[in-house]
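What follows is a single structure, written as structure tokens, with notes after it.
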Amino acid sequence: MKKKISLIVLATTLMATMVTACGGNSEPSSSTGAAGSGETKTLRFATWDTGDALKIEQDIAKKFEAAHPGTKVQVEAYADGFDQKLAAGFGATNPPDVMYMWDFPTYHQSLEPLDSYSSKDKELNIEDFYPGLFNYGKIDGKLYGIPAGFTTRVVYYNKKLFDDAKIPYPKDGWTWTEFQDIAAKLSDKSKKQYGFGVRAENDTYDLQSFVWSNGSSFISDDGKTIEGFMNSKETAESIQMLGDMVKNGSAVLTGGKGQQSGDDIFKAGKIAMWESGIWPLESFKTAGINVGTVEIPAFPGKPVKGVLAESALSIAKDSKQKDLAWEFVKFYVSNDSIKMRVADLPVRVSVVNELKKDQDPLYKPYYTMLERSSNTPAFLLNPKWNEVNRQLSAAVEAVMHGSNAQEVLNQAVKDSQRYLK
């Protein structure tokens, strides 16, 4: 799963990449094996993962090959160049057969609709998936991605810092008022210790959880209006809260120029609370942090809302072997394969029950937040969201450095209106 999702895919960059791909693609054909004999079918699978996660995916590919003699799975690790390389493949009508996918608004026209596969193939056992995960892989009612992994977002907390300050651990159902009070008590500038870490450059996708929880959103449900949504009083309050915590010293900016990442500061024991997905949990344990997790706080009298980061598997419309590609997709989201992958959370109810993930105090909040993740992200509601998001991101960054949220969000709406006409 991508740890940082960039919602901005510049058309000029993609076109340039496509031209390059058309002129010099040296990758092997996906339809035949050595010397074009047809004896071995090569199935191309593109991933954004690296390191241990990539190694696991390669192991899954080998298991698929063993179960399907005559098939070679070519795992293509695109890493940070994922979007550019994928766009190049589509532009050259030579994409990978199967690929990780998240940006369905950008790519869905190049993907094969999977409704007929998923509804007719009983081996998939579609009822075993958490149903809310399918919402993120649909465009105009058509399904383009099968959920492979996900994470919701939780608040991590350092139990030692809480114990030292004799502050009770936070519990699900807590409020942002309680959160801010705890953060203030756990901040000590003389020790360079802070109650919370605030990202200098926030991904607005992730901030939607806070905004939804305060009863607003960045865009209307029909995807047509940002006035009164992106700059609503509730949206401004949600963003201003973080900026105010930096101002009053109960939080510290992280991840900006010359600044350590929030993950690293948390591992160093210098921030008591940190908000993120599943990705850093193992590294926190390895660093010896006695870590706990809790669901996102609530605004008074309002239900908590979550946002998903989901990895799905898609099949290219230009693939010459869609049936084989579908077999690989099924294999990749089978119980055994899901249990091999530990960088994200299991998408099948049966696997969660077997591993008792939803009963483990460390993992339970992720699944509690999954139940609260029913809102549709802005980028799925409007095809021009990338352009709007540039203005929003700049506004949010300004708030983290001291600007007034209401003022900069009002300006961001004005600067973005032309994209919605």
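Every chain in the structure tokens has a letter given in the order shown (A, B, ...), and although residue numbers restart at 1 in each chain, ligands are simply numbered from 1 in the order shown.
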Might you pull out every residue within 6 Å of segment 308-310 of chain A, with only C-alpha atoms counted and same-chain residues fewer than 3 positions away left off, and present them as a PDB file with N, CA and C atoms, in the first residue's frame?
ATOM      1  N   GLY A 149      -5.845  -4.820   0.414  1.00  0.00           N
ATOM      2  CA  GLY A 149      -5.392  -4.445   1.745  1.00  0.00           C
ATOM      3  C   GLY A 149      -5.878  -3.043   2.045  1.00  0.00           C
ATOM      4  N   PHE A 150      -5.851  -2.665   3.297  1.00  0.00           N
ATOM      5  CA  PHE A 150      -6.309  -1.333   3.665  1.00  0.00           C
ATOM      6  C   PHE A 150      -5.721  -0.947   5.013  1.00  0.00           C
ATOM      7  N   THR A 151      -5.863   0.314   5.329  1.00  0.00           N
ATOM      8  CA  THR A 151      -5.693   0.767   6.694  1.00  0.00           C
ATOM      9  C   THR A 151      -6.643   1.928   6.935  1.00  0.00           C
ATOM     10  N   THR A 152      -7.161   1.992   8.119  1.00  0.00           N
ATOM     11  CA  THR A 152      -7.800   3.208   8.597  1.00  0.00           C
ATOM     12  C   THR A 152      -6.742   3.953   9.399  1.00  0.00           C
TER      13      THR A 152
END
- Pick out each residue of segment 44-282 of chain A that DSSP on the backbone tags as strand (DSSP E); I need them as a PyMOL selection string. chain A and resi 44-47+71-77+98-101+138-139+142-143+146-151+154-158+194-199+251-254+271-276
- Message: Using only C-alpha atoms for the distances, tell me which of A:Asp172, A:Glu282, A:Met245, A:Ala287 is nearest to Asp264 of chain A.
- Response: A:Ala287
- May I have the residues within 7 Å of segment 357-366 of chain A as a VMD selection string, using only C-alpha atoms and disregarding those fewer than 2 positions away in the same chain? chain A and resid 151 to 154 292 to 295 352 to 353 355 368 to 370
- Please report, as a ChimeraX atom specification, each residue of segment 37-283 of chain A to which DSSP assigns alpha helix (DSSP H) when run on this structure's backbone. /A:51-67,82-91,104-107,115-120,159-164,176-185,204-213,233-248,262-267,281-283
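Between Ala46 of chain A and the residues A:Ser314, A:Asp222, A:Gly145, A:Ala200, the shortest atom-to-atom distance, using only C-alpha atoms, involves A:Ser314.
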- Query: Looking at A:Gly195, A:Gly89, A:Gly173, A:Gly301, which one is nearest to Ala251 of chain A, with distances taken over only C-alpha atoms?
  - Reply: A:Gly195
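The nearest approach to Gln259 of chain A among the residues A:Gly132, A:Glu354, A:Asp164, A:Arg199, with only C-alpha atoms taken into account, belongs to A:Arg199.
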- Item | Within 9 Å of Ile338 of chain A using only C-alpha atoms, minus same-chain residues under 5 positions, as a PyMOL selection string | chain A and resi 148-149+332-333+345-348+351
N, CA, C and O atoms of the current selection, written as a PDB file, in the first residue's frame:
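Writing done, so here's out-v5.pdb:
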ATOM      1  N   ALA A 148      -7.437  -5.435  -1.759  1.00  0.00           N
ATOM      2  CA  ALA A 148      -6.325  -6.326  -1.413  1.00  0.00           C
ATOM      3  C   ALA A 148      -5.807  -6.054  -0.004  1.00  0.00           C
ATOM      4  O   ALA A 148      -5.366  -6.963   0.695  1.00  0.00           O
ATOM      5  N   GLY A 149      -5.845  -4.820   0.414  1.00  0.00           N
ATOM      6  CA  GLY A 149      -5.392  -4.445   1.745  1.00  0.00           C
ATOM      7  C   GLY A 149      -5.878  -3.043   2.045  1.00  0.00           C
ATOM      8  O   GLY A 149      -6.278  -2.306   1.151  1.00  0.00           O
ATOM      9  N   TYR A 332      -4.316 -13.688  -5.157  1.00  0.00           N
ATOM     10  CA  TYR A 332      -3.687 -12.648  -4.342  1.00  0.00           C
ATOM     11  C   TYR A 332      -4.560 -12.235  -3.163  1.00  0.00           C
ATOM     12  O   TYR A 332      -4.046 -11.828  -2.123  1.00  0.00           O
ATOM     13  N   VAL A 333      -5.877 -12.342  -3.320  1.00  0.00           N
ATOM     14  CA  VAL A 333      -6.783 -11.953  -2.232  1.00  0.00           C
ATOM     15  C   VAL A 333      -7.370 -13.177  -1.526  1.00  0.00           C
ATOM     16  O   VAL A 333      -8.363 -13.071  -0.812  1.00  0.00           O
ATOM     17  N   LEU A 345      -3.811  -4.244   6.466  1.00  0.00           N
ATOM     18  CA  LEU A 345      -4.758  -5.019   7.271  1.00  0.00           C
ATOM     19  C   LEU A 345      -5.567  -5.979   6.410  1.00  0.00           C
ATOM     20  O   LEU A 345      -5.876  -5.675   5.251  1.00  0.00           O
ATOM     21  N   PRO A 346      -5.943  -7.146   6.951  1.00  0.00           N
ATOM     22  CA  PRO A 346      -6.715  -8.127   6.186  1.00  0.00           C
ATOM     23  C   PRO A 346      -8.072  -7.579   5.756  1.00  0.00           C
ATOM     24  O   PRO A 346      -8.772  -6.926   6.534  1.00  0.00           O
ATOM     25  N   VAL A 347      -8.445  -7.872   4.504  1.00  0.00           N
ATOM     26  CA  VAL A 347      -9.710  -7.381   3.949  1.00  0.00           C
ATOM     27  C   VAL A 347     -10.842  -8.397   4.099  1.00  0.00           C
ATOM     28  O   VAL A 347     -11.996  -8.085   3.814  1.00  0.00           O
ATOM     29  N   ARG A 348     -10.506  -9.611   4.536  1.00  0.00           N
ATOM     30  CA  ARG A 348     -11.519 -10.669   4.672  1.00  0.00           C
ATOM     31  C   ARG A 348     -11.914 -10.854   6.139  1.00  0.00           C
ATOM     32  O   ARG A 348     -11.052 -10.940   7.021  1.00  0.00           O
ATOM     33  N   VAL A 351     -10.401 -14.034   7.776  1.00  0.00           N
ATOM     34  CA  VAL A 351      -9.000 -13.940   8.201  1.00  0.00           C
ATOM     35  C   VAL A 351      -8.896 -13.162   9.508  1.00  0.00           C
ATOM     36  O   VAL A 351      -8.150 -13.543  10.418  1.00  0.00           O
TER      37      VAL A 351
END
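One distance worth recording is that between atom CA of Lys322 of chain A and atom CA of Tyr117 of chain A, which is 10.2 Å.
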- Non-local contacts of Trp326 of chain A (9 Å; only C-alpha atoms; under 2 positions in same chain excluded) as a list of chain:residue names: A:Val98, A:Leu114, A:Tyr117, A:Ser314, A:Ile315, A:Gln321, A:Lys322, A:Asp323, A:Leu324, A:Phe328, A:Val329, A:Lys330, A:Phe331
Store the residues of this selection in a file with N, CA and C atoms, as a JSON list (two decimals), in the first residue's frame.
[["chain", "number", "residue", "atom", "x", "y", "z"],
["A", 98, "VAL", "N", -2.01, -7.00, -14.51],
["A", 98, "VAL", "CA", -2.61, -6.76, -13.19],
["A", 98, "VAL", "C", -1.78, -5.69, -12.50],
["A", 114, "LEU", "N", -14.91, -5.19, -13.39],
["A", 114, "LEU", "CA", -14.79, -6.52, -12.76],
["A", 114, "LEU", "C", -16.10, -7.03, -12.19],
["A", 117, "TYR", "N", -16.95, -10.62, -13.30],
["A", 117, "TYR", "CA", -16.04, -11.59, -12.68],
["A", 117, "TYR", "C", -16.41, -11.81, -11.22],
["A", 314, "SER", "N", -6.39, -4.34, -9.94],
["A", 314, "SER", "CA", -7.15, -4.08, -11.16],
["A", 314, "SER", "C", -6.54, -4.83, -12.33],
["A", 315, "ILE", "N", -7.33, -4.99, -13.38],
["A", 315, "ILE", "CA", -6.90, -5.65, -14.60],
["A", 315, "ILE", "C", -6.96, -4.65, -15.75],
["A", 321, "GLN", "N", -4.83, -11.42, -21.68],
["A", 321, "GLN", "CA", -5.09, -12.65, -20.94],
["A", 321, "GLN", "C", -5.83, -12.34, -19.65],
["A", 322, "LYS", "N", -7.03, -11.82, -19.83],
["A", 322, "LYS", "CA", -7.81, -11.34, -18.70],
["A", 322, "LYS", "C", -8.26, -12.47, -17.78],
["A", 323, "ASP", "N", -8.54, -13.63, -18.33],
["A", 323, "ASP", "CA", -8.97, -14.75, -17.48],
["A", 323, "ASP", "C", -7.83, -15.19, -16.55],
["A", 324, "LEU", "N", -6.62, -15.26, -17.09],
["A", 324, "LEU", "CA", -5.46, -15.61, -16.26],
["A", 324, "LEU", "C", -5.21, -14.51, -15.24],
["A", 328, "PHE", "N", -5.09, -14.69, -11.04],
["A", 328, "PHE", "CA", -4.05, -14.14, -10.17],
["A", 328, "PHE", "C", -4.66, -13.22, -9.12],
["A", 329, "VAL", "N", -5.62, -12.38, -9.53],
["A", 329, "VAL", "CA", -6.29, -11.50, -8.58],
["A", 329, "VAL", "C", -6.92, -12.33, -7.46],
["A", 330, "LYS", "N", -7.65, -13.36, -7.82],
["A", 330, "LYS", "CA", -8.28, -14.23, -6.81],
["A", 330, "LYS", "C", -7.25, -14.84, -5.88],
["A", 331, "PHE", "N", -6.14, -15.29, -6.45],
["A", 331, "PHE", "CA", -5.10, -15.92, -5.65],
["A", 331, "PHE", "C", -4.50, -14.91, -4.68]]
- Ser209 of chain A: which residues within 12 Å, counting only C-alpha atoms, same-chain residues fewer than 3 positions away excluded, as a PyMOL selection string? chain A and resi 152-154+203-206+212-218+235+238-239+275-276+295-299+303-309+369-370+372-378
Would you put the residues from that selection into a file with N, CA, C and O atoms, as a compact mmCIF listing (two decimals), in the first residue's frame?
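Contents of the output file selection.txt:
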# COMPACT_ATOMS: atom_id res chain seq x y z
N THR A 152 -7.16 1.99 8.12
CA THR A 152 -7.80 3.21 8.60
C THR A 152 -6.74 3.95 9.40
O THR A 152 -5.58 3.55 9.45
N ARG A 153 -7.14 5.05 10.03
CA ARG A 153 -6.18 5.85 10.78
C ARG A 153 -6.59 5.89 12.24
O ARG A 153 -7.78 5.95 12.56
N VAL A 154 -5.59 5.83 13.11
CA VAL A 154 -5.82 5.82 14.55
C VAL A 154 -4.85 6.79 15.21
O VAL A 154 -3.96 7.33 14.57
N ASP A 203 -1.48 15.68 4.09
CA ASP A 203 -2.22 15.14 2.95
C ASP A 203 -3.70 15.43 3.22
O ASP A 203 -4.27 14.92 4.19
N THR A 204 -4.31 16.25 2.38
CA THR A 204 -5.70 16.64 2.62
C THR A 204 -6.63 15.44 2.57
O THR A 204 -7.71 15.47 3.17
N TYR A 205 -6.21 14.39 1.87
CA TYR A 205 -7.01 13.16 1.86
C TYR A 205 -7.22 12.66 3.28
O TYR A 205 -8.34 12.31 3.67
N ASP A 206 -6.17 12.63 4.06
CA ASP A 206 -6.25 12.11 5.43
C ASP A 206 -7.05 13.04 6.33
O ASP A 206 -7.76 12.58 7.23
N TRP A 212 -15.00 15.43 8.19
CA TRP A 212 -16.25 14.66 8.24
C TRP A 212 -16.75 14.53 9.67
O TRP A 212 -17.95 14.62 9.93
N SER A 213 -15.82 14.29 10.60
CA SER A 213 -16.21 14.11 12.00
C SER A 213 -16.81 15.38 12.59
O SER A 213 -17.55 15.32 13.57
N ASN A 214 -16.49 16.52 11.99
CA ASN A 214 -17.07 17.78 12.47
C ASN A 214 -18.31 18.17 11.66
O ASN A 214 -18.79 19.30 11.76
N GLY A 215 -18.81 17.23 10.87
CA GLY A 215 -20.07 17.44 10.18
C GLY A 215 -19.98 18.16 8.85
O GLY A 215 -20.99 18.61 8.31
N SER A 216 -18.77 18.26 8.28
CA SER A 216 -18.61 18.94 7.01
C SER A 216 -17.85 18.05 6.03
O SER A 216 -17.67 16.85 6.28
N SER A 217 -17.43 18.62 4.93
CA SER A 217 -16.64 17.92 3.93
C SER A 217 -15.98 18.96 3.03
O SER A 217 -16.30 20.15 3.12
N PHE A 218 -15.07 18.52 2.17
CA PHE A 218 -14.41 19.45 1.27
C PHE A 218 -15.26 19.77 0.05
O PHE A 218 -15.03 20.77 -0.63
N THR A 235 -15.32 23.04 8.65
CA THR A 235 -14.06 22.66 8.01
C THR A 235 -12.92 23.52 8.56
O THR A 235 -11.85 23.00 8.91
N SER A 238 -11.84 22.46 12.01
CA SER A 238 -11.08 21.21 12.02
C SER A 238 -9.62 21.44 11.71
O SER A 238 -8.73 20.83 12.32
N ILE A 239 -9.35 22.32 10.74
CA ILE A 239 -7.98 22.62 10.34
C ILE A 239 -7.31 23.56 11.33
O ILE A 239 -6.14 23.39 11.70
N GLU A 275 -0.87 10.51 14.88
CA GLU A 275 -2.00 9.98 14.11
C GLU A 275 -1.50 9.43 12.78
O GLU A 275 -0.78 10.11 12.05
N SER A 276 -1.86 8.17 12.48
CA SER A 276 -1.38 7.56 11.24
C SER A 276 -2.15 6.28 10.97
O SER A 276 -3.05 5.89 11.72
N GLU A 295 -9.09 4.98 18.76
CA GLU A 295 -9.77 5.58 17.62
C GLU A 295 -9.63 7.11 17.64
O GLU A 295 -9.30 7.71 18.67
N ILE A 296 -9.89 7.73 16.50
CA ILE A 296 -9.82 9.19 16.37
C ILE A 296 -10.82 9.83 17.32
O ILE A 296 -11.95 9.34 17.47
N PRO A 297 -10.47 10.95 17.97
CA PRO A 297 -11.41 11.63 18.88
C PRO A 297 -12.64 12.16 18.15
O PRO A 297 -12.63 12.33 16.92
N ALA A 298 -13.67 12.47 18.92
CA ALA A 298 -14.93 12.99 18.38
C ALA A 298 -15.07 14.47 18.70
O ALA A 298 -14.54 14.96 19.70
N PHE A 299 -15.79 15.18 17.83
CA PHE A 299 -16.23 16.53 18.15
C PHE A 299 -17.51 16.40 18.97
O PHE A 299 -18.28 15.45 18.78
N PRO A 303 -20.73 12.12 15.45
CA PRO A 303 -20.10 10.81 15.30
C PRO A 303 -18.73 10.90 14.64
O PRO A 303 -18.51 11.74 13.77
N VAL A 304 -17.83 10.05 15.08
CA VAL A 304 -16.49 9.99 14.48
C VAL A 304 -16.59 9.38 13.09
O VAL A 304 -17.30 8.39 12.88
N LYS A 305 -15.87 9.95 12.15
CA LYS A 305 -15.82 9.44 10.79
C LYS A 305 -14.37 9.11 10.42
O LYS A 305 -13.44 9.82 10.81
N GLY A 306 -14.19 8.02 9.68
CA GLY A 306 -12.85 7.60 9.29
C GLY A 306 -12.65 7.69 7.79
O GLY A 306 -13.59 7.80 7.02
N VAL A 307 -11.38 7.62 7.38
CA VAL A 307 -11.03 7.59 5.97
C VAL A 307 -10.12 6.39 5.73
O VAL A 307 -9.30 6.04 6.59
N LEU A 308 -10.29 5.75 4.59
CA LEU A 308 -9.51 4.56 4.26
C LEU A 308 -8.35 4.89 3.34
O LEU A 308 -8.46 5.73 2.46
N ALA A 309 -7.25 4.21 3.53
CA ALA A 309 -6.20 4.11 2.52
C ALA A 309 -6.25 2.66 2.05
O ALA A 309 -6.01 1.75 2.83
N MET A 369 -12.64 1.94 13.34
CA MET A 369 -12.66 3.05 12.40
C MET A 369 -13.16 2.62 11.02
O MET A 369 -13.75 3.42 10.29
N LEU A 370 -12.95 1.36 10.65
CA LEU A 370 -13.48 0.86 9.38
C LEU A 370 -15.01 0.95 9.37
O LEU A 370 -15.61 1.31 8.35
N ARG A 372 -16.66 3.11 10.69
CA ARG A 372 -17.01 4.53 10.63
C ARG A 372 -16.58 5.18 9.31
O ARG A 372 -16.67 6.40 9.16
N SER A 373 -16.08 4.37 8.37
CA SER A 373 -15.53 4.92 7.13
C SER A 373 -16.49 4.73 5.96
O SER A 373 -16.21 4.00 5.01
N SER A 374 -17.60 5.40 6.03
CA SER A 374 -18.63 5.26 4.99
C SER A 374 -18.72 6.47 4.06
O SER A 374 -19.41 6.43 3.05
N ASN A 375 -18.01 7.55 4.39
CA ASN A 375 -18.03 8.74 3.52
C ASN A 375 -17.19 8.52 2.26
O ASN A 375 -16.22 7.76 2.28
N THR A 376 -17.56 9.20 1.20
CA THR A 376 -16.84 9.08 -0.07
C THR A 376 -15.81 10.20 -0.19
O THR A 376 -16.16 11.38 -0.08
N PRO A 377 -14.52 9.87 -0.41
CA PRO A 377 -13.48 10.90 -0.52
C PRO A 377 -13.73 11.83 -1.70
O PRO A 377 -14.32 11.45 -2.72
N ALA A 378 -13.23 13.06 -1.58
CA ALA A 378 -13.47 14.09 -2.58
C ALA A 378 -12.96 13.70 -3.96
O ALA A 378 -13.60 14.01 -4.97
